[in-house]
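Undergrad: Sharing final17.cif here; it has mmCIF, C-alpha atoms and all ligand atoms.
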data_model
loop_
_atom_site.label_atom_id
_atom_site.label_comp_id
_atom_site.auth_asym_id
_atom_site.auth_seq_id
_atom_site.Cartn_x
_atom_site.Cartn_y
_atom_site.Cartn_z
CA MET A 102 -5.22 -29.11 39.76
CA ALA A 103 -3.54 -32.46 40.48
CA HIS A 104 -4.36 -33.96 43.89
CA LEU A 105 -3.37 -36.89 46.05
CA PHE A 106 -6.71 -37.87 47.59
CA ASN A 107 -6.82 -41.59 48.43
CA ARG A 108 -3.08 -41.84 47.72
CA ASN A 109 -0.53 -43.43 50.01
CA VAL A 110 2.74 -41.55 49.71
CA LEU A 111 5.77 -43.16 51.32
CA VAL A 112 8.40 -40.49 51.88
CA GLY A 113 12.04 -41.59 52.20
CA VAL A 114 14.37 -39.07 53.81
CA SER A 115 18.12 -39.55 53.42
CA GLY A 116 20.96 -37.73 55.18
CA GLY A 117 21.52 -34.30 53.72
CA ILE A 118 21.01 -30.78 55.02
CA ALA A 119 17.85 -30.51 52.87
CA ALA A 120 16.25 -33.08 55.22
CA TYR A 121 14.93 -30.12 57.20
CA LYS A 122 12.64 -29.32 54.23
CA SER A 123 11.06 -32.79 54.50
CA ALA A 124 8.85 -31.54 57.33
CA GLU A 125 7.29 -28.96 55.02
CA LEU A 126 7.11 -31.55 52.24
CA VAL A 127 5.04 -33.91 54.43
CA ARG A 128 2.62 -31.04 55.09
CA GLN A 129 2.36 -30.14 51.41
CA LEU A 130 1.63 -33.76 50.45
CA GLN A 131 -1.10 -33.92 53.08
CA GLU A 132 -2.58 -30.66 51.83
CA LEU A 133 -2.97 -32.32 48.43
CA GLY A 134 -4.89 -35.10 50.19
CA ALA A 135 -2.24 -37.82 50.63
CA SER A 136 -1.82 -40.28 53.51
CA VAL A 137 1.87 -40.07 54.37
CA ARG A 138 4.29 -42.46 56.04
CA VAL A 139 7.98 -41.71 56.45
CA ILE A 140 11.16 -43.81 56.34
CA MET A 141 14.34 -42.12 57.58
CA THR A 142 17.88 -43.31 57.00
CA ARG A 143 20.41 -43.18 59.81
CA GLY A 144 21.99 -40.10 58.16
CA ALA A 145 18.65 -38.29 57.95
CA ARG A 146 18.21 -38.67 61.71
CA GLU A 147 21.39 -36.63 62.22
CA PHE A 148 19.63 -33.66 60.58
CA ILE A 149 16.02 -33.90 61.77
CA THR A 150 14.32 -35.98 64.45
CA PRO A 151 11.83 -38.75 63.68
CA LEU A 152 9.51 -37.12 66.24
CA THR A 153 9.02 -34.08 63.98
CA LEU A 154 8.01 -36.21 61.00
CA GLN A 155 5.90 -38.51 63.18
CA ALA A 156 3.96 -35.54 64.56
CA LEU A 157 3.40 -34.10 61.10
CA SER A 158 2.54 -37.34 59.28
CA GLY A 159 0.43 -38.71 62.16
CA ASN A 160 2.17 -42.08 61.75
CA PRO A 161 5.18 -43.72 63.40
CA VAL A 162 8.38 -43.09 61.45
CA HIS A 163 10.10 -46.21 60.13
CA THR A 164 13.85 -46.41 60.59
CA GLU A 165 15.17 -49.95 60.97
CA LEU A 166 15.11 -52.99 58.73
CA LEU A 167 16.09 -55.56 61.33
CA ASP A 168 13.88 -54.43 64.21
CA PRO A 169 11.48 -57.26 65.20
CA GLU A 170 9.11 -54.87 66.98
CA ALA A 171 8.85 -52.48 64.05
CA GLU A 172 8.36 -55.41 61.68
CA LEU A 173 5.47 -56.59 63.86
CA GLY A 174 3.77 -53.18 63.47
CA MET A 175 4.16 -52.81 59.71
CA SER A 176 6.76 -54.97 57.98
CA HIS A 177 8.98 -53.60 55.24
CA ILE A 178 7.01 -55.69 52.73
CA GLU A 179 3.69 -54.27 53.98
CA LEU A 180 5.15 -50.77 53.70
CA ALA A 181 6.28 -51.52 50.15
CA ARG A 182 2.76 -52.72 49.26
CA TRP A 183 1.07 -49.84 51.10
CA ALA A 184 2.82 -47.23 48.96
CA ASP A 185 1.14 -45.87 45.83
CA VAL A 186 4.34 -43.92 45.26
CA LEU A 187 7.76 -43.86 46.94
CA LEU A 188 9.18 -40.34 47.08
CA ILE A 189 12.78 -39.92 48.27
CA ALA A 190 13.51 -36.33 49.24
CA PRO A 191 16.24 -35.45 49.73
CA ALA A 192 17.99 -38.15 47.72
CA THR A 193 21.70 -37.83 48.47
CA ALA A 194 24.52 -38.89 46.12
CA ASP A 195 25.09 -41.96 48.30
CA LEU A 196 21.44 -42.95 48.18
CA LEU A 197 21.30 -42.56 44.38
CA ALA A 198 24.40 -44.78 44.12
CA ARG A 199 22.86 -47.45 46.34
CA LEU A 200 19.58 -47.36 44.41
CA ALA A 201 21.39 -47.54 41.06
CA THR A 202 23.29 -50.66 42.12
CA GLY A 203 20.19 -52.30 43.61
CA ARG A 204 21.56 -52.51 47.15
CA ALA A 205 19.24 -53.38 50.02
CA ASP A 206 21.41 -52.48 52.98
CA ASP A 207 18.90 -50.43 54.97
CA LEU A 208 15.14 -50.09 55.28
CA LEU A 209 14.76 -47.40 52.61
CA THR A 210 16.74 -49.14 49.85
CA THR A 211 15.08 -52.48 50.69
CA VAL A 212 11.60 -50.98 50.38
CA ALA A 213 12.65 -49.29 47.12
CA LEU A 214 13.44 -52.73 45.71
CA ALA A 215 10.38 -54.39 47.21
CA THR A 216 7.76 -51.95 45.96
CA ALA A 217 5.91 -52.01 42.65
CA ALA A 218 5.04 -48.32 43.17
CA PRO A 219 6.65 -45.62 41.04
CA LEU A 220 9.80 -44.02 42.46
CA VAL A 221 10.22 -40.23 42.55
CA LEU A 222 13.61 -38.79 43.51
CA ALA A 223 14.40 -35.23 44.58
CA PRO A 224 18.22 -35.12 44.56
CA ALA A 225 20.07 -32.77 46.90
CA MET A 226 23.85 -32.51 47.22
CA ASN A 227 26.85 -30.29 46.72
CA GLN A 228 27.10 -28.97 43.14
CA GLN A 229 30.40 -30.76 42.48
CA MET A 230 28.99 -34.05 43.73
CA TRP A 231 26.01 -33.58 41.39
CA ARG A 232 28.31 -32.85 38.44
CA ASP A 233 30.54 -35.86 39.19
CA ARG A 234 30.47 -38.48 36.44
CA ALA A 235 29.67 -41.26 38.90
CA THR A 236 26.54 -39.43 40.09
CA ALA A 237 25.59 -38.57 36.50
CA ALA A 238 25.86 -42.26 35.55
CA ASN A 239 23.73 -43.31 38.54
CA VAL A 240 21.08 -40.73 37.68
CA ALA A 241 21.03 -41.91 34.05
CA THR A 242 20.62 -45.54 35.20
CA LEU A 243 17.74 -44.65 37.50
CA ALA A 244 16.01 -42.50 34.87
CA ALA A 245 16.34 -45.35 32.32
CA ARG A 246 14.57 -47.63 34.81
CA GLY A 247 11.63 -45.23 34.91
CA CYS A 248 12.39 -43.29 38.11
CA LYS A 249 11.12 -39.73 37.96
CA LEU A 250 13.63 -37.05 38.93
CA VAL A 251 12.45 -33.73 40.31
CA GLY A 252 15.30 -31.24 40.32
CA PRO A 253 17.82 -30.45 41.55
CA ALA A 254 17.56 -26.66 41.39
CA SER A 255 20.49 -24.32 40.92
CA GLY A 256 21.55 -21.58 43.29
CA GLU A 257 23.39 -20.85 46.47
CA GLN A 258 24.05 -23.95 48.57
CA ALA A 259 24.26 -24.50 52.33
CA CYS A 260 28.03 -25.14 51.95
CA GLY A 261 28.52 -21.77 50.24
CA ASP A 262 28.95 -23.13 46.70
CA VAL A 263 26.75 -21.92 43.88
CA GLY A 264 25.41 -24.32 41.23
CA PRO A 265 23.05 -27.24 40.66
CA GLY A 266 22.27 -29.50 43.63
CA ARG A 267 19.70 -27.72 45.79
CA MET A 268 16.59 -29.74 46.55
CA VAL A 269 13.62 -28.12 44.77
CA GLU A 270 11.01 -26.55 47.01
CA PRO A 271 8.42 -28.80 48.70
CA PRO A 272 5.35 -27.46 46.80
CA VAL A 273 7.05 -28.23 43.48
CA ILE A 274 7.93 -31.77 44.62
CA ALA A 275 4.40 -32.39 45.95
CA ALA A 276 2.89 -31.20 42.64
CA ALA A 277 5.26 -33.46 40.68
CA VAL A 278 4.20 -36.46 42.79
CA ALA A 279 0.53 -35.66 42.18
CA GLY A 280 1.28 -35.25 38.47
CA ILE A 281 2.48 -38.83 38.01
CA PHE A 282 -1.02 -40.12 38.66
CA GLU A 283 -2.42 -38.05 35.81
CA ASN A 284 -1.22 -39.82 32.69
CA GLY A 285 -3.79 -38.85 30.06
CA LEU A 286 -4.01 -42.48 28.85
CA LEU A 287 -7.81 -42.33 28.58
CA ASP A 288 -8.23 -38.64 27.76
CA GLY A 289 -11.73 -37.99 26.51
CA ARG A 290 -12.95 -41.57 27.08
CA ARG A 291 -16.12 -42.35 29.05
CA VAL A 292 -15.76 -45.18 31.53
CA VAL A 293 -18.46 -46.98 33.53
CA ILE A 294 -17.34 -49.26 36.37
CA THR A 295 -19.49 -51.53 38.52
CA ALA A 296 -18.22 -52.08 42.07
CA GLY A 297 -19.11 -53.64 45.39
CA PRO A 298 -21.66 -56.33 46.18
CA THR A 299 -25.33 -56.46 45.30
CA ARG A 300 -28.01 -57.08 47.93
CA GLU A 301 -30.92 -59.32 47.04
CA ALA A 302 -33.80 -58.71 49.43
CA LEU A 303 -35.59 -61.61 51.17
CA ASP A 304 -37.92 -59.43 53.19
CA PRO A 305 -37.84 -55.80 54.44
CA VAL A 306 -34.88 -56.48 56.79
CA ARG A 307 -32.87 -59.36 55.28
CA TYR A 308 -30.90 -59.90 52.13
CA ILE A 309 -28.44 -62.22 50.35
CA SER A 310 -25.06 -60.62 49.59
CA ASN A 311 -21.29 -61.24 49.63
CA HIS A 312 -18.05 -59.85 51.07
CA SER A 313 -17.08 -57.44 48.29
CA SER A 314 -15.91 -54.17 49.86
CA GLY A 315 -15.78 -52.15 46.63
CA LYS A 316 -12.05 -51.42 47.11
CA MET A 317 -11.00 -52.84 43.73
CA GLY A 318 -13.76 -51.08 41.79
CA TYR A 319 -13.22 -47.74 43.56
CA ALA A 320 -9.45 -47.99 42.90
CA LEU A 321 -10.23 -48.57 39.22
CA ALA A 322 -12.45 -45.48 39.20
CA GLN A 323 -9.62 -43.43 40.71
CA ALA A 324 -7.15 -44.78 38.13
CA ALA A 325 -9.58 -44.10 35.28
CA VAL A 326 -10.19 -40.51 36.35
CA ASP A 327 -6.44 -39.99 36.75
CA ALA A 328 -6.03 -41.28 33.20
CA GLY A 329 -8.32 -38.48 32.03
CA ALA A 330 -11.56 -40.47 31.62
CA ARG A 331 -15.06 -39.22 32.48
CA THR A 332 -15.81 -41.87 35.04
CA THR A 333 -19.03 -43.21 36.51
CA LEU A 334 -19.21 -45.81 39.28
CA VAL A 335 -22.31 -47.92 39.57
CA SER A 336 -21.85 -49.01 43.14
CA GLY A 337 -23.50 -51.57 45.34
CA PRO A 338 -23.70 -50.77 49.07
CA VAL A 339 -20.18 -50.10 50.42
CA THR A 340 -18.73 -47.80 53.06
CA LEU A 341 -16.01 -46.19 50.91
CA PRO A 342 -15.88 -42.46 50.18
CA ALA A 343 -16.49 -41.54 46.55
CA PRO A 344 -13.25 -40.79 44.70
CA ASP A 345 -12.94 -37.14 43.64
CA HIS A 346 -14.33 -36.25 40.21
CA VAL A 347 -16.12 -39.59 39.89
CA ARG A 348 -19.90 -39.73 39.48
CA VAL A 349 -21.26 -42.41 41.81
CA LEU A 350 -24.68 -43.98 41.25
CA GLN A 351 -25.79 -46.10 44.19
CA VAL A 352 -27.75 -49.29 43.59
CA GLU A 353 -28.75 -52.27 45.72
CA SER A 354 -29.78 -55.26 43.65
CA ALA A 355 -28.44 -56.86 40.48
CA CYS A 356 -31.57 -55.80 38.57
CA GLU A 357 -31.10 -52.18 39.63
CA MET A 358 -27.44 -52.39 38.67
CA LEU A 359 -28.36 -53.70 35.23
CA ASP A 360 -30.99 -50.97 34.64
CA THR A 361 -28.53 -48.24 35.67
CA CYS A 362 -25.76 -49.63 33.46
CA LEU A 363 -28.06 -49.89 30.46
CA GLU A 364 -29.09 -46.25 30.90
CA LEU A 365 -25.42 -45.25 30.86
CA LEU A 366 -24.48 -47.34 27.81
CA PRO A 367 -25.13 -44.70 25.10
CA GLU A 368 -22.38 -42.64 26.76
CA CYS A 369 -19.85 -45.34 27.55
CA ASP A 370 -16.64 -46.23 25.68
CA ILE A 371 -15.24 -48.64 28.28
CA PHE A 372 -17.27 -50.83 30.64
CA ILE A 373 -15.50 -52.54 33.55
CA ALA A 374 -17.53 -55.06 35.57
CA CYS A 375 -15.79 -55.36 38.91
CA ALA A 376 -18.91 -55.80 41.05
CA ALA A 377 -19.56 -59.09 42.77
CA VAL A 378 -23.09 -59.47 41.45
CA ALA A 379 -25.32 -62.08 43.10
CA ASP A 380 -26.02 -64.78 40.54
CA TYR A 381 -29.41 -65.53 42.15
CA ARG A 382 -32.11 -63.59 44.01
CA PRO A 383 -35.09 -64.73 46.05
CA GLY A 384 -37.97 -65.59 43.74
CA ALA A 385 -40.34 -63.50 45.84
CA VAL A 386 -39.61 -60.74 48.33
CA ALA A 387 -41.80 -61.06 51.45
CA GLN A 388 -43.66 -57.84 52.14
CA GLN A 389 -43.32 -58.34 55.89
CA LYS A 390 -40.51 -59.72 58.02
CA ILE A 391 -40.43 -63.51 57.69
CA LYS A 392 -41.35 -64.95 61.12
CA LYS A 393 -39.37 -67.67 62.81
CA GLY A 394 -41.32 -70.92 62.38
CA PRO A 395 -40.38 -74.47 61.41
CA ASP A 396 -36.85 -75.88 61.82
CA GLU A 397 -36.32 -75.79 58.08
CA ILE A 398 -37.56 -73.46 55.40
CA ASN A 399 -36.85 -73.52 51.68
CA LEU A 400 -35.86 -70.50 49.71
CA LYS A 401 -36.62 -70.41 46.03
CA LEU A 402 -33.93 -68.50 44.13
CA VAL A 403 -34.11 -67.33 40.55
CA ARG A 404 -31.25 -66.40 38.21
CA ASN A 405 -30.25 -62.75 38.01
CA PRO A 406 -29.55 -61.19 34.62
CA ASP A 407 -25.86 -61.23 33.67
CA ILE A 408 -24.95 -57.55 33.51
CA VAL A 409 -21.57 -57.70 31.78
CA ALA A 410 -22.76 -60.29 29.22
CA THR A 411 -25.79 -58.10 28.44
CA VAL A 412 -23.53 -55.08 27.90
CA ALA A 413 -21.11 -57.09 25.72
CA ALA A 414 -23.98 -58.41 23.57
CA GLY A 415 -25.23 -54.93 22.69
CA ARG A 416 -25.00 -53.66 19.12
CA GLU A 417 -22.99 -50.53 19.92
CA ARG A 418 -20.94 -52.21 22.61
CA PRO A 419 -18.19 -50.49 24.61
CA PHE A 420 -14.78 -52.12 25.17
CA THR A 421 -15.95 -54.57 27.82
CA VAL A 422 -13.85 -55.88 30.69
CA GLY A 423 -14.95 -58.44 33.25
CA PHE A 424 -13.47 -59.87 36.40
CA ALA A 425 -13.35 -63.56 37.22
CA ALA A 426 -13.44 -64.46 40.90
CA GLU A 427 -12.27 -68.05 41.01
CA THR A 428 -11.19 -70.50 43.71
CA HIS A 429 -9.57 -73.13 41.43
CA GLU A 430 -8.35 -73.59 37.86
CA LEU A 431 -8.16 -69.80 37.71
CA LEU A 432 -6.97 -69.20 34.16
CA LYS A 433 -9.00 -71.98 32.53
CA HIS A 434 -12.25 -70.78 34.10
CA ALA A 435 -11.43 -67.12 33.46
CA ARG A 436 -10.73 -67.69 29.76
CA GLU A 437 -13.96 -69.70 29.42
CA LYS A 438 -15.85 -66.85 31.12
CA MET A 439 -14.33 -64.27 28.79
CA LEU A 440 -15.42 -66.24 25.71
CA ARG A 441 -18.87 -67.17 27.08
CA LYS A 442 -19.68 -63.58 28.06
CA GLY A 443 -18.16 -62.09 24.87
CA LEU A 444 -15.63 -59.88 26.70
CA ASP A 445 -12.60 -58.03 25.32
CA MET A 446 -10.61 -58.64 28.48
CA ILE A 447 -10.94 -60.37 31.84
CA VAL A 448 -9.07 -59.94 35.12
CA ALA A 449 -8.67 -63.31 36.83
CA ASN A 450 -8.26 -63.17 40.60
CA ASP A 451 -7.99 -66.03 43.05
CA VAL A 452 -10.57 -65.42 45.78
CA SER A 453 -9.68 -68.57 47.76
CA ASP A 454 -6.74 -66.63 49.24
CA LYS A 455 -8.05 -64.26 51.96
CA SER A 456 -5.05 -61.92 51.69
CA ILE A 457 -6.12 -60.95 48.15
CA GLY A 458 -9.48 -60.58 46.42
CA PHE A 459 -12.57 -59.91 48.55
CA ASN A 460 -12.25 -57.15 51.16
CA SER A 461 -8.45 -57.06 51.23
CA ASP A 462 -6.16 -54.13 50.44
CA ASN A 463 -4.04 -56.19 48.03
CA ASN A 464 -4.68 -58.20 44.92
CA GLU A 465 -2.79 -60.46 42.54
CA ALA A 466 -4.23 -61.24 39.13
CA THR A 467 -3.71 -62.30 35.54
CA VAL A 468 -5.27 -60.15 32.84
CA LEU A 469 -6.40 -62.16 29.81
CA TRP A 470 -7.48 -61.02 26.36
CA PRO A 471 -8.23 -63.18 23.31
CA ASP A 472 -4.62 -63.54 22.16
CA GLY A 473 -2.56 -62.69 25.19
CA GLU A 474 -2.21 -62.37 28.93
CA GLN A 475 -0.22 -60.50 31.55
CA VAL A 476 0.47 -61.42 35.15
CA LEU A 477 0.00 -58.58 37.66
CA ALA A 478 2.16 -59.30 40.72
CA LEU A 479 0.85 -58.93 44.28
CA SER A 480 0.36 -55.23 45.00
CA GLY A 481 -2.03 -52.75 46.56
CA LYS A 482 -5.36 -52.40 44.74
CA GLY A 483 -4.44 -48.82 43.71
CA ALA A 484 -1.27 -49.97 41.93
CA MET A 485 -3.12 -52.88 40.35
CA ALA A 486 -5.93 -50.62 39.12
CA ARG A 487 -3.41 -48.38 37.36
CA GLN A 488 -1.86 -51.38 35.60
CA ILE A 489 -5.29 -52.59 34.47
CA ILE A 490 -6.16 -49.14 33.11
CA GLN A 491 -2.81 -49.05 31.29
CA LEU A 492 -3.51 -52.45 29.68
CA ILE A 493 -6.99 -51.33 28.61
CA ALA A 494 -5.50 -48.17 27.06
CA GLN A 495 -2.89 -50.28 25.22
CA ARG A 496 -5.52 -52.67 23.83
CA LEU A 497 -7.71 -49.77 22.72
CA ALA A 498 -4.74 -48.02 21.09
CA SER A 499 -3.74 -51.21 19.23
CA GLY A 500 -7.22 -51.42 17.71
CA GLU A 501 -7.02 -55.23 17.94
CA HIS A 502 -10.30 -55.86 19.69
O1 LIG B 601 -14.71 -55.36 46.22
P1 LIG B 601 -13.41 -55.94 46.76
O2 LIG B 601 -13.54 -56.34 48.22
O3 LIG B 601 -12.23 -55.04 46.49
O4 LIG B 601 -13.12 -57.32 45.99
C1 LIG B 601 -12.83 -57.30 44.64
C2 LIG B 601 -13.50 -58.48 43.90
C3 LIG B 601 -12.92 -59.79 44.40
C4 LIG B 601 -15.01 -58.44 44.12
C5 LIG B 601 -13.17 -58.25 42.37
O5 LIG B 601 -11.79 -58.28 42.20
C6 LIG B 601 -13.83 -59.33 41.52
O6 LIG B 601 -13.27 -60.40 41.30
N1 LIG B 601 -15.06 -59.03 41.00
C7 LIG B 601 -15.89 -59.99 40.26
C8 LIG B 601 -16.61 -60.85 41.22
C9 LIG B 601 -17.55 -61.82 40.53
O7 LIG B 601 -18.72 -61.74 40.69
O8 LIG B 601 -16.95 -62.67 39.71
P2 LIG B 601 -17.75 -63.79 38.83
O9 LIG B 601 -16.62 -64.66 38.35
O10 LIG B 601 -18.84 -64.39 39.58
O11 LIG B 601 -18.36 -62.95 37.63
C10 LIG B 601 -17.70 -62.76 36.37
C11 LIG B 601 -17.99 -61.40 35.81
O12 LIG B 601 -19.37 -61.29 35.50
C12 LIG B 601 -17.66 -60.24 36.73
O13 LIG B 601 -17.14 -59.20 35.94
C13 LIG B 601 -19.03 -59.84 37.31
O14 LIG B 601 -19.08 -58.45 37.64
C14 LIG B 601 -19.94 -60.16 36.13
N2 LIG B 601 -21.31 -60.53 36.50
C15 LIG B 601 -21.56 -61.65 37.24
C16 LIG B 601 -22.86 -62.02 37.51
C17 LIG B 601 -23.90 -61.22 37.03
N3 LIG B 601 -25.16 -61.52 37.28
N4 LIG B 601 -23.64 -60.12 36.32
C18 LIG B 601 -22.35 -59.76 36.04
O15 LIG B 601 -22.13 -58.74 35.40
#
How would this structure read if it were set down as structure tokens?

TA:
Amino acid sequence: MAHLFNRNVLVGVSGGIAAYKSAELVRQLQELGASVRVIMTRGAREFITPLTLQALSGNPVHTELLDPEAELGMSHIELARWADVLLIAPATADLLARLATGRADDLLTTVALATAAPLVLAPAMNQQMWRDRATAANVATLAARGCKLVGPASGEQACGDVGPGRMVEPPVIAAAVAGIFENGLLDGRRVVITAGPTREALDPVRYISNHSSGKMGYALAQAAVDAGARTTLVSGPVTLPAPDHVRVLQVESACEMLDTCLELLPECDIFIACAAVADYRPGAVAQQKIKKGPDEINLKLVRNPDIVATVAAGRERPFTVGFAAETHELLKHAREKMLRKGLDMIVANDVSDKSIGFNSDNNEATVLWPDGEQVLALSGKGAMARQIIQLIAQRLASGEH
């Protein structure tokens, strides 16, 4: 059964009588596990009050584009990045026309342009408006751009007409939204992903570590499982909940992470090293807490094993993907790293920018492989993870690795 756990669903409600069903739709999406935020057009607010959708979604409803206060809370660009999917239900004939022509004349159409998330539309209108050639052309344009249409259904309409144009029922729309995350790209594949930081103990109470939150690696695990892969996360210490249907093996140090990964290798087709592994560890771990003493002490550090390079050097190696966390000369260093570690692919991200990379919700990266590259624009880590999984599936399918 498809679900929406860990998914951010942005629901756009436009001004049609079916707007009253949006309340039930918000509930259905939440029942599948989604976090929901709502944007209402001016027309939608004639049919149902923002208060209803605010109470149900548990979040303030967004209505205005040019409202400084609302922009301070969560700007239209932040909303666009927050969304893993933008669902517009009901989508009126007017809204479809505005989307088809790329207008940005209210909050909803602006966010639709500004988001990299997939767009799902549940049209609802009078049957004659639906049959009109202008609407048909707009629908064809939107479908050709990759928008997913759910409905409309046929039957008796609020205006008394009978025919196509009724918004399909909320459970069907919610299931269709959940379905878009299950793409079967990695059906039957076994994926191992490292995530989070490692901790290198100095004594029983202190360690050396870094700011990795695990968000990128956990988003990759979610995207891999949605793509049909049997997915295992080898995770350093983080505070994130385990994604559904993902096996999580907790580790602390780089050496433990390596041992766990090596045990998993016989059953691994794709290995993704997203963890921020400490390059060095204390040469000796004090058995008791190190006491405060002289003004200066020296720590002797020794090199940790390189996990992803060890995996890539194996005889029966999986398709191996690394990450490069760089602060300068991003692509040059990333390409060198890919060659030096013998990887099939590397995701280069700039960690000098605090709004992306370590412990942020967004990321921006370039994916490199031996004879190509693709830029992944700034987006939420969920959306980025899905693009990375798609690129891995494409490279595997091409057989050119
Ligand atoms: O966890 P988040 O807060 O979401 O942040 C995500 C991230 C910034 C940690 C992630 O996007 C990222 O860039 N991960 C790699 C971080 C890193 O250690 O980069 P590196 O350039 O030092 O290492 C290169 C590659 O070698 C990485 O795939 C790393 O996992 C791997 N490595 C490094 C050292 C080591 N001893 N063993 C390894 O396997």

Undergrad: Counting all atoms listed in the file, which residue out of A:Gly458, A:Gln228, A:Ala435, A:Thr236 sits closest to Asp262 of chain A?

TA: A:Gln228

Undergrad: Which one is closest to ligand LIG 601 (chain B): A:Asp396, A:Arg418, A:Glu465, A:Lys316? Count all atoms listed in the file.

TA: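 Looking at the shortest contact to ligand LIG 601 (chain B), the residue is A:Lys316.
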
Undergrad: I'd like the contact shell of Thr421 of chain A - 8 Å cut-off, all atoms listed in the file, skipping same-chain residues fewer than 2 positions apart - returned as an MDAnalysis selection string.

TA: chainID A and resid 371:374 409 412:413 418:419 423 444:446

Undergrad: Which of these residues is nearest to His312 of chain A, using all atoms listed in the file: A:Phe106, A:Tyr121, A:Phe148, A:Phe459?

TA: A:Phe459

Undergrad: How far is it from atom CA of Leu209 of chain A to atom CA of Leu111 of chain A, in Å with one decimal?

TA: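 Separation of atom CA of Leu209 of chain A and atom CA of Leu111 of chain A: 10.0 Å.
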
Undergrad: Suppose you want the space between atom CA of Arg143 of chain A and atom CA of Ala205 of chain A; what is it in Å?

TA: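 Value for the atom CA of Arg143 of chain A-atom CA of Ala205 of chain A distance: 14.2 Å.
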
Undergrad: Counting all atoms listed in the file, which protein, DNA or RNA residues come within 6 Å of ligand LIG 601 (chain B), given as a list in words?

TA: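 Taking all atoms listed in the file into account, the residues around ligand LIG 601 (chain B) at most 6 Å away are Gly297, Ser313, Ser314, Gly315, Lys316, Met317, Ala374, Cys375, Ala376, Ala377, Val378, Ala379, Asp380, Asn405, Pro406, Asp407, Ile408, Val409, Gly423, Phe424, Ala425, Ala426, Asn450, Gly458, Phe459, Asn460 and Ser461 of chain A.
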
Undergrad: Restricted to C-alpha atoms, what would the selected residues look like written as a PDB file, in the frame of the given file?

TA:
ATOM      1  CA  GLY A 297     -19.110 -53.640  45.390  1.00  0.00           C
ATOM      2  CA  SER A 313     -17.080 -57.440  48.290  1.00  0.00           C
ATOM      3  CA  SER A 314     -15.910 -54.170  49.860  1.00  0.00           C
ATOM      4  CA  GLY A 315     -15.780 -52.150  46.630  1.00  0.00           C
ATOM      5  CA  LYS A 316     -12.050 -51.420  47.110  1.00  0.00           C
ATOM      6  CA  MET A 317     -11.000 -52.840  43.730  1.00  0.00           C
ATOM      7  CA  ALA A 374     -17.530 -55.060  35.570  1.00  0.00           C
ATOM      8  CA  CYS A 375     -15.790 -55.360  38.910  1.00  0.00           C
ATOM      9  CA  ALA A 376     -18.910 -55.800  41.050  1.00  0.00           C
ATOM     10  CA  ALA A 377     -19.560 -59.090  42.770  1.00  0.00           C
ATOM     11  CA  VAL A 378     -23.090 -59.470  41.450  1.00  0.00           C
ATOM     12  CA  ALA A 379     -25.320 -62.080  43.100  1.00  0.00           C
ATOM     13  CA  ASP A 380     -26.020 -64.780  40.540  1.00  0.00           C
ATOM     14  CA  ASN A 405     -30.250 -62.750  38.010  1.00  0.00           C
ATOM     15  CA  PRO A 406     -29.550 -61.190  34.620  1.00  0.00           C
ATOM     16  CA  ASP A 407     -25.860 -61.230  33.670  1.00  0.00           C
ATOM     17  CA  ILE A 408     -24.950 -57.550  33.510  1.00  0.00           C
ATOM     18  CA  VAL A 409     -21.570 -57.700  31.780  1.00  0.00           C
ATOM     19  CA  GLY A 423     -14.950 -58.440  33.250  1.00  0.00           C
ATOM     20  CA  PHE A 424     -13.470 -59.870  36.400  1.00  0.00           C
ATOM     21  CA  ALA A 425     -13.350 -63.560  37.220  1.00  0.00           C
ATOM     22  CA  ALA A 426     -13.440 -64.460  40.900  1.00  0.00           C
ATOM     23  CA  ASN A 450      -8.260 -63.170  40.600  1.00  0.00           C
ATOM     24  CA  GLY A 458      -9.480 -60.580  46.420  1.00  0.00           C
ATOM     25  CA  PHE A 459     -12.570 -59.910  48.550  1.00  0.00           C
ATOM     26  CA  ASN A 460     -12.250 -57.150  51.160  1.00  0.00           C
ATOM     27  CA  SER A 461      -8.450 -57.060  51.230  1.00  0.00           C
TER      28      SER A 461
END
